[in-house]
Structure formats: C-alpha cells, structure tokens
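Note: the block below is entry06.cif and it holds mmCIF, C-alpha atoms and all ligand atoms.
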data_target
#
loop_
_atom_site.label_atom_id
_atom_site.label_comp_id
_atom_site.auth_asym_id
_atom_site.auth_seq_id
_atom_site.Cartn_x
_atom_site.Cartn_y
_atom_site.Cartn_z
CA MET A 1 8.11 -12.98 0.61
CA GLU A 2 8.21 -12.19 -3.10
CA GLN A 3 6.75 -15.64 -3.85
CA SER A 4 3.28 -14.78 -2.54
CA SER A 5 2.04 -13.79 -5.97
CA THR A 6 -1.38 -14.33 -7.46
CA VAL A 7 0.22 -14.03 -10.91
CA PRO A 8 2.69 -16.63 -12.21
CA ASN A 9 5.89 -15.34 -13.82
CA GLY A 10 8.23 -12.34 -13.47
CA SER A 11 7.18 -9.92 -16.20
CA ALA A 12 3.49 -10.85 -15.88
CA ARG A 13 3.70 -10.09 -12.18
CA GLU A 14 5.24 -6.70 -12.85
CA SER A 15 2.61 -5.83 -15.45
CA HIS A 16 -0.13 -6.93 -13.10
CA PHE A 17 1.29 -4.69 -10.35
CA ALA A 18 1.54 -1.76 -12.79
CA ALA A 19 -1.98 -2.43 -14.07
CA LEU A 20 -3.42 -2.39 -10.55
CA LEU A 21 -1.72 0.96 -9.88
CA SER A 22 -2.82 2.55 -13.11
CA ALA A 23 -6.41 1.36 -12.57
CA GLY A 24 -6.32 3.05 -9.15
CA GLU A 25 -6.87 -0.30 -7.45
CA LYS A 26 -5.26 -1.22 -4.17
CA ILE A 27 -2.24 -3.43 -3.79
CA GLU A 28 -3.20 -6.11 -1.28
CA PRO A 29 -0.95 -8.36 0.84
CA ARG A 30 -1.64 -11.33 -1.48
CA ASP A 31 -0.41 -9.39 -4.53
CA TRP A 32 3.11 -9.53 -5.86
CA MET A 33 4.95 -6.24 -5.30
CA PRO A 34 8.49 -5.04 -6.08
CA VAL A 35 10.96 -5.50 -3.24
CA ALA A 36 11.52 -1.74 -3.07
CA TYR A 37 7.76 -1.03 -2.87
CA ARG A 38 7.47 -3.45 0.05
CA ARG A 39 10.53 -1.90 1.71
CA THR A 40 9.15 1.63 1.29
CA MET A 41 5.77 0.64 2.68
CA ILE A 42 7.36 -1.04 5.70
CA ARG A 43 9.54 2.03 6.30
CA GLN A 44 6.68 4.51 6.07
CA ILE A 45 4.03 2.52 7.95
CA ALA A 46 6.52 1.57 10.69
CA GLN A 47 7.65 5.18 11.06
CA HIS A 48 4.04 6.23 11.26
CA ALA A 49 3.19 3.54 13.86
CA HIS A 50 6.22 4.42 15.97
CA SER A 51 5.22 8.10 15.80
CA GLU A 52 1.75 7.35 17.12
CA VAL A 53 3.17 5.33 20.01
CA ILE A 54 5.99 7.71 20.97
CA GLY A 55 3.61 10.60 20.30
CA GLN A 56 1.71 9.62 23.45
CA GLN A 57 4.56 10.87 25.61
CA PRO A 58 4.44 14.67 25.16
CA GLU A 59 0.71 14.91 25.93
CA GLY A 60 0.81 12.05 28.45
CA ASN A 61 3.06 14.36 30.44
CA TRP A 62 -0.03 16.51 31.22
CA ILE A 63 -2.57 13.84 32.15
CA THR A 64 -1.91 14.20 35.89
CA ARG A 65 -1.91 17.99 35.65
CA ALA A 66 -4.88 18.66 33.35
CA PRO A 67 -6.77 21.69 34.69
CA SER A 68 -10.11 19.90 35.29
CA LEU A 69 -11.59 16.42 35.48
CA ALA A 70 -13.27 16.91 32.10
CA ARG A 71 -9.98 17.99 30.49
CA LYS A 72 -8.25 14.99 32.05
CA ALA A 73 -10.87 12.54 30.74
CA ILE A 74 -10.62 14.01 27.23
CA LEU A 75 -6.83 13.90 27.29
CA VAL A 76 -6.73 10.28 28.52
CA ALA A 77 -9.08 9.32 25.66
CA LYS A 78 -6.99 11.23 23.12
CA VAL A 79 -3.73 9.63 24.22
CA GLN A 80 -5.42 6.22 24.18
CA ASP A 81 -6.57 6.88 20.61
CA GLU A 82 -2.94 7.46 19.59
CA ALA A 83 -1.99 4.08 21.08
CA GLY A 84 -4.84 2.53 19.08
CA HIS A 85 -3.57 4.19 15.88
CA GLY A 86 -0.17 2.64 16.54
CA LEU A 87 -1.81 -0.77 16.85
CA TYR A 88 -3.79 -0.51 13.59
CA LEU A 89 -0.63 0.60 11.84
CA TYR A 90 1.53 -2.20 13.26
CA SER A 91 -1.14 -4.63 12.05
CA ALA A 92 -1.08 -3.05 8.59
CA CYS A 93 2.72 -3.30 8.57
CA GLU A 94 2.65 -6.95 9.62
CA THR A 95 0.73 -7.77 6.42
CA LEU A 96 3.99 -6.96 4.61
CA GLY A 97 5.79 -9.85 6.29
CA ILE A 98 7.47 -8.27 9.29
CA SER A 99 6.51 -8.86 12.90
CA ARG A 100 5.62 -6.30 15.54
CA ASP A 101 8.54 -7.50 17.66
CA GLU A 102 10.95 -6.91 14.79
CA LEU A 103 9.54 -3.43 14.24
CA ASN A 104 9.97 -2.55 17.91
CA GLU A 105 13.51 -3.92 17.84
CA LEU A 106 14.37 -1.75 14.81
CA LEU A 107 12.99 1.34 16.55
CA HIS A 108 14.81 0.61 19.78
CA GLN A 109 18.08 0.15 17.92
CA GLY A 110 17.59 3.48 16.15
CA ARG A 111 17.28 1.74 12.75
CA GLN A 112 13.76 3.04 12.17
CA LYS A 113 12.54 6.54 12.83
CA TYR A 114 9.57 8.30 14.40
CA SER A 115 8.38 11.81 13.66
CA SER A 116 10.67 14.71 14.56
CA ILE A 117 7.74 16.53 16.18
CA PHE A 118 7.67 14.32 19.26
CA ASN A 119 11.14 15.40 20.33
CA TYR A 120 9.99 18.74 21.75
CA PRO A 121 9.01 19.27 25.39
CA THR A 122 5.49 20.14 26.58
CA LEU A 123 6.19 23.00 28.97
CA SER A 124 2.67 24.26 29.69
CA TRP A 125 -0.97 23.18 29.43
CA ALA A 126 -1.27 25.29 26.28
CA ASP A 127 1.14 22.85 24.61
CA VAL A 128 -1.60 20.21 24.81
CA GLY A 129 -3.86 22.59 22.89
CA ALA A 130 -1.10 23.43 20.40
CA ILE A 131 -0.35 19.74 19.76
CA GLY A 132 -4.00 18.95 19.03
CA TRP A 133 -4.46 22.03 16.88
CA LEU A 134 -1.14 22.08 15.02
CA VAL A 135 0.42 18.60 15.24
CA ASP A 136 -2.80 16.65 14.74
CA GLY A 137 -3.79 19.35 12.24
CA ALA A 138 -0.62 18.82 10.19
CA ALA A 139 -0.84 15.04 10.57
CA ILE A 140 -4.42 14.95 9.29
CA THR A 141 -3.66 17.24 6.35
CA ASN A 142 -1.18 14.58 5.22
CA GLN A 143 -3.21 11.56 6.28
CA VAL A 144 -6.40 12.53 4.46
CA THR A 145 -4.43 12.11 1.22
CA LEU A 146 -3.08 8.79 2.53
CA THR A 147 -6.61 7.35 2.71
CA ARG A 148 -6.10 7.03 -1.07
CA THR A 149 -2.60 5.52 -0.86
CA SER A 150 -1.98 2.46 -3.02
CA TYR A 151 -1.43 -0.15 -0.29
CA GLY A 152 -4.87 -1.41 0.81
CA PRO A 153 -4.29 -2.15 4.52
CA TYR A 154 -2.58 1.23 5.05
CA ALA A 155 -5.30 3.14 3.18
CA ARG A 156 -8.05 1.47 5.23
CA ALA A 157 -6.26 2.12 8.53
CA MET A 158 -6.01 5.78 7.51
CA VAL A 159 -9.77 6.16 7.08
CA ARG A 160 -10.44 5.33 10.71
CA ILE A 161 -7.40 7.20 11.99
CA CYS A 162 -8.42 10.36 10.14
CA LYS A 163 -11.85 10.38 11.78
CA GLU A 164 -10.21 10.30 15.19
CA GLU A 165 -7.47 12.78 14.28
CA SER A 166 -10.11 15.21 13.14
CA PHE A 167 -11.67 15.08 16.61
CA HIS A 168 -8.20 15.54 18.14
CA GLN A 169 -7.58 18.62 16.06
CA ARG A 170 -10.86 20.14 17.21
CA GLN A 171 -10.21 19.40 20.88
CA GLY A 172 -6.81 21.11 20.56
CA PHE A 173 -8.36 24.12 18.87
CA GLU A 174 -11.01 24.28 21.59
CA ILE A 175 -8.31 24.36 24.30
CA MET A 176 -6.56 27.15 22.39
CA THR A 177 -9.85 29.05 22.00
CA THR A 178 -10.52 28.85 25.74
CA LEU A 179 -7.03 30.12 26.53
CA ALA A 180 -7.08 32.81 23.85
CA GLN A 181 -10.38 34.14 25.23
CA GLY A 182 -9.18 33.90 28.83
CA SER A 183 -7.02 36.05 31.07
CA GLU A 184 -3.90 37.92 29.99
CA ALA A 185 -1.76 35.10 31.41
CA GLN A 186 -3.77 32.46 29.51
CA ARG A 187 -3.45 34.38 26.23
CA ALA A 188 0.30 34.67 26.80
CA MET A 189 0.51 30.93 27.43
CA ALA A 190 -1.38 30.20 24.18
CA GLN A 191 0.89 32.58 22.24
CA ASP A 192 4.02 31.02 23.73
CA ALA A 193 2.83 27.53 22.71
CA LEU A 194 2.11 28.73 19.16
CA ASP A 195 5.56 30.35 19.01
CA ARG A 196 7.26 27.08 19.95
CA TRP A 197 5.13 24.62 17.95
CA TRP A 198 4.56 26.53 14.70
CA TRP A 199 7.83 25.84 12.91
CA PRO A 200 8.30 22.22 14.08
CA SER A 201 4.71 21.52 12.90
CA LEU A 202 5.52 22.82 9.43
CA ALA A 203 8.76 20.82 9.36
CA MET A 204 7.15 17.54 10.46
CA LEU A 205 5.52 17.29 7.03
CA GLY A 206 8.93 16.28 5.70
CA PRO A 207 11.89 17.95 4.00
CA PRO A 208 11.36 20.34 1.09
CA ASP A 209 10.69 18.55 -2.18
CA GLU A 210 14.22 19.12 -3.48
CA GLN A 211 15.67 17.37 -0.40
CA SER A 212 13.09 14.57 -0.29
CA THR A 213 14.71 11.28 -1.29
CA HIS A 214 11.55 9.19 -1.57
CA THR A 215 8.87 11.49 -2.99
CA ASP A 216 9.38 10.89 -6.72
CA GLN A 217 9.28 7.11 -6.44
CA SER A 218 6.46 7.18 -3.90
CA LEU A 219 4.36 9.37 -6.21
CA GLN A 220 4.94 6.92 -9.06
CA TRP A 221 3.78 4.04 -6.90
CA GLY A 222 0.76 5.96 -5.60
CA ILE A 223 2.10 5.69 -2.04
CA LYS A 224 2.16 9.48 -1.86
CA LEU A 225 -0.53 11.46 -3.65
CA GLU A 226 1.06 14.85 -3.05
CA THR A 227 4.53 16.17 -2.29
CA ASN A 228 5.68 17.35 1.14
CA ASP A 229 5.63 21.01 0.02
CA GLU A 230 2.11 20.75 -1.43
CA ILE A 231 0.77 19.34 1.83
CA ARG A 232 2.68 21.94 3.86
CA GLN A 233 1.16 24.77 1.80
CA ARG A 234 -2.34 23.42 2.39
CA PHE A 235 -1.68 23.15 6.13
CA VAL A 236 -0.47 26.77 6.26
CA ASP A 237 -3.48 27.95 4.22
CA GLN A 238 -5.89 26.18 6.57
CA THR A 239 -4.18 27.16 9.80
CA VAL A 240 -3.32 30.84 9.40
CA PRO A 241 -7.00 31.94 9.39
CA GLN A 242 -7.53 29.80 12.51
CA ALA A 243 -4.67 31.64 14.27
CA HIS A 244 -6.23 34.95 13.24
CA PHE A 245 -9.59 33.81 14.61
CA LEU A 246 -7.83 33.09 17.92
CA GLY A 247 -6.24 36.54 17.85
CA LEU A 248 -2.78 34.96 18.03
CA HIS A 249 0.32 36.02 16.12
CA VAL A 250 1.90 33.47 13.78
CA PRO A 251 5.65 33.75 14.48
CA ASP A 252 6.65 34.38 10.87
CA GLU A 253 7.33 37.94 9.70
CA ALA A 254 7.34 36.78 6.07
CA LEU A 255 3.78 35.49 6.28
CA ALA A 256 1.64 37.29 3.67
CA TRP A 257 -1.42 36.50 1.59
CA ASN A 258 -0.43 36.14 -2.04
CA GLU A 259 -3.44 37.13 -4.13
CA GLY A 260 -1.85 35.88 -7.36
CA ARG A 261 -1.10 32.41 -6.02
CA GLY A 262 -4.20 32.22 -3.86
CA HIS A 263 -2.01 30.97 -1.00
CA TRP A 264 -0.19 32.26 2.03
CA ASP A 265 3.51 32.94 1.43
CA PHE A 266 5.58 31.91 4.42
CA GLY A 267 9.18 32.25 5.59
CA ASP A 268 12.10 29.83 5.40
CA ILE A 269 12.01 26.76 7.59
CA ASP A 270 15.24 26.05 9.47
CA TRP A 271 15.99 22.71 7.81
CA ASP A 272 19.35 22.36 9.58
CA ALA A 273 17.48 22.36 12.88
CA PHE A 274 15.02 19.76 11.49
CA TRP A 275 17.83 17.42 10.36
CA GLU A 276 19.51 17.76 13.75
CA VAL A 277 16.31 16.49 15.39
CA VAL A 278 15.97 13.69 12.81
CA ARG A 279 19.59 12.68 13.53
CA GLY A 280 18.73 12.26 17.21
CA ASN A 281 19.88 15.59 18.61
CA GLY A 282 16.58 17.29 19.39
CA PRO A 283 15.65 18.46 22.89
CA CYS A 284 13.92 15.19 23.92
CA ASN A 285 15.15 12.44 21.53
CA HIS A 286 17.09 10.58 24.17
CA GLU A 287 14.32 10.80 26.77
CA ARG A 288 11.59 9.69 24.35
CA LEU A 289 13.41 6.61 23.10
CA ALA A 290 14.68 5.63 26.54
CA HIS A 291 11.13 5.81 27.90
CA LYS A 292 9.84 3.68 25.02
CA VAL A 293 12.52 1.02 25.55
CA GLN A 294 11.84 0.97 29.30
CA ALA A 295 8.09 0.54 28.72
CA TRP A 296 8.80 -2.33 26.30
CA GLN A 297 11.05 -4.06 28.84
CA ASP A 298 8.59 -3.49 31.70
CA GLY A 299 5.80 -4.98 29.58
CA ALA A 300 7.70 -8.20 28.74
CA TRP A 301 5.84 -10.21 31.38
CA VAL A 302 2.47 -9.17 29.89
CA ARG A 303 3.51 -10.38 26.43
CA GLU A 304 4.88 -13.62 27.89
CA ALA A 305 1.69 -14.23 29.89
CA GLY A 306 -0.43 -13.56 26.79
CA LEU A 307 1.60 -16.05 24.74
CA ALA A 308 1.50 -18.68 27.50
CA TYR A 309 -2.28 -18.27 27.77
CA ALA A 310 -2.72 -18.54 23.98
CA ALA A 311 -0.55 -21.67 23.90
CA LYS A 312 -2.62 -23.23 26.66
CA GLN A 313 -5.87 -22.47 24.82
CA ALA A 314 -4.43 -23.95 21.64
CA HIS A 315 -3.83 -27.19 23.54
CA GLY A 316 -7.48 -27.36 24.53
CA ALA A 317 -7.40 -26.04 28.12
CA PRO A 318 -10.84 -25.02 29.43
CA ARG A 319 -11.52 -21.33 28.75
CA ASN A 320 -11.41 -20.09 32.34
CA SER A 321 -8.43 -22.07 33.60
CA ALA A 322 -5.59 -19.72 34.53
N1 LIG A 401 10.60 13.14 11.19
O1 LIG A 401 11.96 11.49 1.30
P1 LIG A 401 11.22 11.99 2.46
C1 LIG A 401 0.90 12.16 14.22
C2 LIG A 401 12.81 11.39 6.92
S1 LIG A 401 1.57 11.01 13.17
C3 LIG A 401 11.60 12.24 11.05
O2 LIG A 401 10.35 13.17 2.24
P2 LIG A 401 8.92 10.28 2.88
C4 LIG A 401 -0.35 11.81 14.95
C5 LIG A 401 12.28 10.26 6.05
O3 LIG A 401 11.90 9.15 6.85
C6 LIG A 401 3.04 11.78 12.55
N2 LIG A 401 12.08 11.86 9.83
O4 LIG A 401 10.40 10.80 3.17
C7 LIG A 401 -0.19 12.19 16.35
C8 LIG A 401 13.47 9.99 5.17
O5 LIG A 401 14.47 9.30 5.90
P3 LIG A 401 14.79 7.70 5.64
C9 LIG A 401 3.74 10.87 11.65
C10 LIG A 401 11.49 12.38 8.75
O6 LIG A 401 8.70 9.09 3.73
C11 LIG A 401 -0.47 13.46 16.79
C12 LIG A 401 14.04 11.38 4.96
O7 LIG A 401 13.58 12.18 6.04
N3 LIG A 401 3.05 10.80 10.39
O8 LIG A 401 1.47 13.17 14.30
C13 LIG A 401 10.43 13.29 8.84
O9 LIG A 401 8.66 10.17 1.43
C14 LIG A 401 -0.34 13.80 18.14
C15 LIG A 401 13.63 11.98 3.63
O10 LIG A 401 12.24 12.34 3.65
C16 LIG A 401 3.44 9.95 9.44
O11 LIG A 401 4.39 9.22 9.63
C17 LIG A 401 9.98 13.67 10.12
N4 LIG A 401 8.98 14.56 10.31
O12 LIG A 401 7.98 11.48 3.41
C18 LIG A 401 0.21 11.23 17.27
C19 LIG A 401 2.63 9.94 8.18
N5 LIG A 401 10.06 13.63 7.58
O13 LIG A 401 13.55 6.96 6.09
C20 LIG A 401 0.34 11.57 18.63
C21 LIG A 401 3.15 8.94 7.18
C22 LIG A 401 10.87 12.95 6.76
O14 LIG A 401 15.06 7.53 4.19
C23 LIG A 401 0.06 12.87 19.06
N6 LIG A 401 4.41 9.32 6.61
N7 LIG A 401 11.74 12.21 7.46
O15 LIG A 401 15.98 7.42 6.52
C24 LIG A 401 4.55 10.13 5.54
O16 LIG A 401 3.59 10.62 5.01
C25 LIG A 401 5.92 10.36 5.00
O17 LIG A 401 6.77 9.36 5.53
C26 LIG A 401 6.51 11.77 5.32
C27 LIG A 401 7.95 11.82 4.79
C28 LIG A 401 5.68 12.82 4.59
C29 LIG A 401 6.51 12.05 6.81
#
File written out as structure tokens:
Amino acid sequence: MEQSSTVPNGSARESHFAALLSAGEKIEPRDWMPVAYRRTMIRQIAQHAHSEVIGQQPEGNWITRAPSLARKAILVAKVQDEAGHGLYLYSACETLGISRDELNELLHQGRQKYSSIFNYPTLSWADVGAIGWLVDGAAITNQVTLTRTSYGPYARAMVRICKEESFHQRQGFEIMTTLAQGSEAQRAMAQDALDRWWWPSLAMLGPPDEQSTHTDQSLQWGIKLETNDEIRQRFVDQTVPQAHFLGLHVPDEALAWNEGRGHWDFGDIDWDAFWEVVRGNGPCNHERLAHKVQAWQDGAWVREAGLAYAAKQAHGAPRNSA
C-alpha cells in the first residue's frame, strides 16, 4: 500500500506529504502517506461509518410506532439518510486500501468501534426528538470541522453528510418543540428524554483532552482541527439556549454562564461510565452488535446475487438476462 506514491524516494515522499499538509492541501488516495496516518484514517472513518450504520437502530425502533404518518415518513427518510452516510464513509475508507467486507468483519469481531451514544435505549417517542436535537447536534458540531480534515475523500463525504445532519438536527428540535409546547405529559416526556440523553451526548464527543490518545497526532496531521473539549464546549454553548427556548431544564446543577470566558461552565462528565460503554458494557451494546451481525448474515444472499450478476455482466451476458 505504501508503494502507491506519486513521489519517488523515502525522504522526498515524506517532505511532499508534509508540504501538502502545511499548504492546507488535501491528501488524496494516490499520495504517499505515513503508515500511521493511513491507520488512523482507517480507524476513524471506519468507526464513523459503523456509527452511522448501527446508529439506525435506536431510532429505527420507533418507525412502526411514530405518532402520525407524516412523522413516520420523516423518520424513515432520516434513518435511510444514516444508512447512506455509512455507505459514503465505507467508500471513503476503501480508498485507503481496505475492503468493506474487512471493515464489517473487524466490527463484528469487536476489533473496531462505533460511537458510545448508540448503546442507549429509546424508551419513548421523545427520544427520537432528543436524538435528532442532541446526538445529530453533537455529531454535526464535530463534523463541520471535519469538512476541512486533511484526507480528501473523508472531507468531501463530510460536506454532504453535514447538510443532511443539519436537517436531522432541526427535525429533532421540531419534535422537541412540539412536545415541549404540548400537554403536561408531553412536556414530561421531553424533559425525561433530555435528562437521559444530555450527558451521553456530551460524552460522545470523545474523552477529555488529557485522556485522548490520538488528538495531538491527529491535530498535527490536520485530521482533527479542534480538540474534543473545544468541540464539546461549542456544543454546550449552542445547545443550552435551545433548551431554555424549549423551557426544559438541563440536568446539570453546575451549569452557569461564565461572563469572563464567554462560555457556559458545565459539570463533570462521568468518564468511568463512558469507558464502561466503550468497553462493551453499556445498556444496549450486546443487542446492537448482535442485531448488526444478524442483518449482515441475513443479507449474504443479496451480496452473493449482486456479485453473481456482476460476474455475468462482465462475461457479456445481455443486460436483462437473469
Ligand atoms: N465512542 O483519542 P481519542 C452520528 C475512543 S456519527 C466510542 O479522543 P479520536 C450521526 C477512540 O476511538 C457519531 N469510542 O480518539 C448519527 C479511541 O479508542 P481507540 C460518530 C470512542 O478518534 C446520528 C479512544 O476512545 N462520529 O452520531 C468515542 O482522536 C444519529 C481515545 O479517544 C464520528 O465517528 C465514542 N464516543 O477522537 C447517526 C465522527 N470517543 O480507537 C445515526 C468522527 C472516543 O484508540 C443517528 N470521529 N472513543 O481504541 C471523530 O471525530 C473522532 O474519532 C472522535 C474521537 C472525536 C469521536
């Protein structure tokens, strides 16, 4: 894989890579890149792709129980968008020399991760609103910066994904607005969803900077443009006024506007709980992965049929012959 360079020898290749980064240009699949850069990109893009795919499950749980036909149609489209994001991201990852089948295998064996946030249950309809508002909201706060990430195919995938995520965030906020302006029971449901999703949404943006193993190197390579804590602060600053607009209580007694910093101060995140989820011990880890593996096995015949059809076409069979 390291041979696919457009520049001839070792040190020249490294300087060319460094020069591209310092000029703010993208690293493209044809360019030479350090082994560790390629490994980091595969890890991050794969984790992101897996998150989009597994992330269909919590909201998918409500498709059959959406409160109206319109809500159901919107939710089906939203969940389908997440599947599409997974596909763009797997394609971006494949440009690094790994196949989609290998990526799925690594996920199924627990050797690659997906986001902690998708290991929580969706107990009420308000959770669909909270996911759009908070989870898509947190995801987009991070992903807008990733549109400027150094690896070209990932950056370009992010541009399209962000447009769709922005719509998702608004549809979630609209569900929350409807509930917050509704009956006493609806307001209570919205508050309960905020109570359960607030802290996991803050934590999904990654461990605090002092516990983050990859941030320093990823900043140097332009993979990350900001640290986890910087992105988390921006998410809190954007979201607290939205909660106030809804008339909901953010479940953090330490939350206070800090005039000097020009930011909201917020309380301590339970990082032990976060790491437990990352290690596989969250409320739904087992269920989510088992469902994903089952879907992959159930879909084997579709992949086989697709391959058989492609092979037949390659051997010159007429287009419509089955
Ligand atoms: N969950 O050194 P760092 C979405 C791991 S998409 C699990 O800070 P990094 C859309 C990390 O892998 C959501 N593990 O890592 C949607 C590393 O472990 P490793 C996904 C986590 O990569 C909405 C270790 O901790 N978004 O929501 C998590 O520099 C609704 C040390 O961490 C992306 O993936 C976590 N939350 O920074 C879909 C965005 N955080 O691999 C459906 C792209 C960290 O060494 C429905 N990814 N870890 O064993 C990123 O921006 C980065 O990877 C971070 C983490 C910021 C997530």
Residue among A:Ala243, A:Ile161, A:Leu106, A:Ala92 lying closest to ligand LIG 401 (chain A), counting all atoms listed in the file
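Going through A:Ala243, A:Ile161, A:Leu106, A:Ala92 one by one, the smallest distance to ligand LIG 401 (chain A) is for A:Ile161.
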Selection as a list in words: residues within 6 Å of ligand LIG 401 (chain A) by only C-alpha atoms and all ligand atoms:
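The distance check yields Gln44, Gln47, His48, Ser51, Glu52, Gly55, Gln56, Glu82, Tyr114, Ser115, Ser116, Val135, Asp136, Ala139, Met204, Leu205, Gly206, Pro207, Ser212, Thr213, His214, Thr215, Asn228 and Val278 of chain A.
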Name the residues in contact with A:Asp81 at a cut-off of 10 Å, using all atoms listed in the file, excluding same-chain residues fewer than 2 positions from it; report them as a CSV table (one decimal) with C-alpha atoms, keeping the file's coordinate frame.
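After the write, part04.csv holds the following:
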chain,number,residue,atom,x,y,z
A,52,GLU,CA,1.8,7.4,17.1
A,53,VAL,CA,3.2,5.3,20.0
A,56,GLN,CA,1.7,9.6,23.4
A,75,LEU,CA,-6.8,13.9,27.3
A,76,VAL,CA,-6.7,10.3,28.5
A,77,ALA,CA,-9.1,9.3,25.7
A,78,LYS,CA,-7.0,11.2,23.1
A,79,VAL,CA,-3.7,9.6,24.2
A,83,ALA,CA,-2.0,4.1,21.1
A,84,GLY,CA,-4.8,2.5,19.1
A,85,HIS,CA,-3.6,4.2,15.9
A,86,GLY,CA,-0.2,2.6,16.5
A,87,LEU,CA,-1.8,-0.8,16.8
A,161,ILE,CA,-7.4,7.2,12.0
A,164,GLU,CA,-10.2,10.3,15.2
A,165,GLU,CA,-7.5,12.8,14.3
A,168,HIS,CA,-8.2,15.5,18.1
Residues within 9 Å of A:Glu226, only C-alpha atoms, excluding chain neighbours under 6 positions, as JSON, numbers by chain:
{"A": [142, 145, 215, 219]}
So how far away is atom CA of A:Glu102 from atom CA of A:Pro58, in Å?
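Between atom CA of A:Pro58 and atom CA of A:Glu102 the gap works out to 24.8 Å.
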Kindly provide the residues of stretch 13-123 of chain A that approach stretch 180-196 of chain A to within 12 Å, each paired with its closest atom pair and their distance in Å to one decimal, based on only C-alpha atoms, listed by chain and increasing number, as a tab-separated table.
residue	atom	partner	partner_atom	distance
A:Ile117	CA	A:Arg196	CA	11.2
A:Tyr120	CA	A:Arg196	CA	9.0
A:Pro121	CA	A:Arg196	CA	9.7
A:Thr122	CA	A:Ala193	CA	8.8
A:Leu123	CA	A:Ala193	CA	8.4
Residues just named, written with C-alpha atoms as a PDB file, keeping the file's coordinate frame:
ATOM      1  CA  ILE A 117       7.740  16.530  16.180  1.00  0.00           C
ATOM      2  CA  TYR A 120       9.990  18.740  21.750  1.00  0.00           C
ATOM      3  CA  PRO A 121       9.010  19.270  25.390  1.00  0.00           C
ATOM      4  CA  THR A 122       5.490  20.140  26.580  1.00  0.00           C
ATOM      5  CA  LEU A 123       6.190  23.000  28.970  1.00  0.00           C
TER       6      LEU A 123
END
Rounded to one decimal place, report the atom CA of A:Val35-atom CA of A:His108 distance in Å.
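Computing it gives 24.1 Å between the two atoms.
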Between atom CA of A:Gln112 and atom CA of A:Val293 lies a distance of 13.6 Å
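Excluding stretch 251-267 of chain A and any residue on its chain fewer than 6 positions from it, the residues at most 9 Å away by only C-alpha atoms are Leu194, Asp195, Arg196, Trp198, Trp199, Gln233, Arg234, Val236, Asp237 and Val240 of chain A.
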Written selection (C-alpha atoms) as a tab-separated table (two decimals), in the coordinates of the input:
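Full text of out.tsv as output:
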chain	number	residue	atom	x	y	z
A	194	LEU	CA	2.11	28.73	19.16
A	195	ASP	CA	5.56	30.35	19.01
A	196	ARG	CA	7.26	27.08	19.95
A	198	TRP	CA	4.56	26.53	14.70
A	199	TRP	CA	7.83	25.84	12.91
A	233	GLN	CA	1.16	24.77	1.80
A	234	ARG	CA	-2.34	23.42	2.39
A	236	VAL	CA	-0.47	26.77	6.26
A	237	ASP	CA	-3.48	27.95	4.22
A	240	VAL	CA	-3.32	30.84	9.40
Here is a test: counting only C-alpha atoms, which residue of A:Ala300, A:Ala19, A:Ile140, A:Ile63 is nearest to A:Asp101?
A:Ala300
From the coordinates supplied, stretch 251-263 of chain A should be written with N, CA, C and O atoms, as a PDB file, in the first residue's frame.
ATOM      1  N   PRO A 251     -30.049  18.931  32.806  1.00  0.00           N
ATOM      2  CA  PRO A 251     -29.817  18.219  34.068  1.00  0.00           C
ATOM      3  C   PRO A 251     -28.384  18.367  34.577  1.00  0.00           C
ATOM      4  O   PRO A 251     -27.644  17.386  34.696  1.00  0.00           O
ATOM      5  N   ASP A 252     -27.990  19.599  34.841  1.00  0.00           N
ATOM      6  CA  ASP A 252     -26.623  19.858  35.308  1.00  0.00           C
ATOM      7  C   ASP A 252     -26.682  21.056  36.250  1.00  0.00           C
ATOM      8  O   ASP A 252     -26.822  22.202  35.793  1.00  0.00           O
ATOM      9  N   GLU A 253     -26.557  20.793  37.551  1.00  0.00           N
ATOM     10  CA  GLU A 253     -26.684  21.884  38.535  1.00  0.00           C
ATOM     11  C   GLU A 253     -25.495  22.837  38.473  1.00  0.00           C
ATOM     12  O   GLU A 253     -25.569  23.961  38.963  1.00  0.00           O
ATOM     13  N   ALA A 254     -24.399  22.395  37.845  1.00  0.00           N
ATOM     14  CA  ALA A 254     -23.217  23.264  37.767  1.00  0.00           C
ATOM     15  C   ALA A 254     -23.255  24.175  36.545  1.00  0.00           C
ATOM     16  O   ALA A 254     -22.360  25.009  36.350  1.00  0.00           O
ATOM     17  N   LEU A 255     -24.292  24.038  35.742  1.00  0.00           N
ATOM     18  CA  LEU A 255     -24.357  24.828  34.502  1.00  0.00           C
ATOM     19  C   LEU A 255     -24.520  26.315  34.837  1.00  0.00           C
ATOM     20  O   LEU A 255     -25.447  26.686  35.559  1.00  0.00           O
ATOM     21  N   ALA A 256     -23.617  27.148  34.330  1.00  0.00           N
ATOM     22  CA  ALA A 256     -23.704  28.591  34.616  1.00  0.00           C
ATOM     23  C   ALA A 256     -22.985  29.358  33.517  1.00  0.00           C
ATOM     24  O   ALA A 256     -21.928  28.918  33.038  1.00  0.00           O
ATOM     25  N   TRP A 257     -23.557  30.487  33.145  1.00  0.00           N
ATOM     26  CA  TRP A 257     -22.908  31.336  32.133  1.00  0.00           C
ATOM     27  C   TRP A 257     -21.697  32.008  32.761  1.00  0.00           C
ATOM     28  O   TRP A 257     -21.776  32.601  33.839  1.00  0.00           O
ATOM     29  N   ASN A 258     -20.561  31.883  32.102  1.00  0.00           N
ATOM     30  CA  ASN A 258     -19.334  32.481  32.610  1.00  0.00           C
ATOM     31  C   ASN A 258     -19.012  33.690  31.736  1.00  0.00           C
ATOM     32  O   ASN A 258     -18.538  33.558  30.602  1.00  0.00           O
ATOM     33  N   GLU A 259     -19.308  34.864  32.297  1.00  0.00           N
ATOM     34  CA  GLU A 259     -19.164  36.115  31.534  1.00  0.00           C
ATOM     35  C   GLU A 259     -17.714  36.305  31.079  1.00  0.00           C
ATOM     36  O   GLU A 259     -17.451  36.684  29.939  1.00  0.00           O
ATOM     37  N   GLY A 260     -16.789  35.986  31.988  1.00  0.00           N
ATOM     38  CA  GLY A 260     -15.363  36.193  31.685  1.00  0.00           C
ATOM     39  C   GLY A 260     -14.912  35.332  30.516  1.00  0.00           C
ATOM     40  O   GLY A 260     -14.186  35.797  29.633  1.00  0.00           O
ATOM     41  N   ARG A 261     -15.336  34.075  30.515  1.00  0.00           N
ATOM     42  CA  ARG A 261     -14.904  33.167  29.439  1.00  0.00           C
ATOM     43  C   ARG A 261     -15.755  33.332  28.188  1.00  0.00           C
ATOM     44  O   ARG A 261     -15.362  32.917  27.105  1.00  0.00           O
ATOM     45  N   GLY A 262     -16.967  33.845  28.381  1.00  0.00           N
ATOM     46  CA  GLY A 262     -17.896  33.929  27.249  1.00  0.00           C
ATOM     47  C   GLY A 262     -18.409  32.552  26.860  1.00  0.00           C
ATOM     48  O   GLY A 262     -18.759  32.308  25.693  1.00  0.00           O
ATOM     49  N   HIS A 263     -18.458  31.649  27.827  1.00  0.00           N
ATOM     50  CA  HIS A 263     -18.939  30.281  27.579  1.00  0.00           C
ATOM     51  C   HIS A 263     -19.771  29.811  28.766  1.00  0.00           C
ATOM     52  O   HIS A 263     -19.672  30.373  29.862  1.00  0.00           O
TER      53      HIS A 263
END
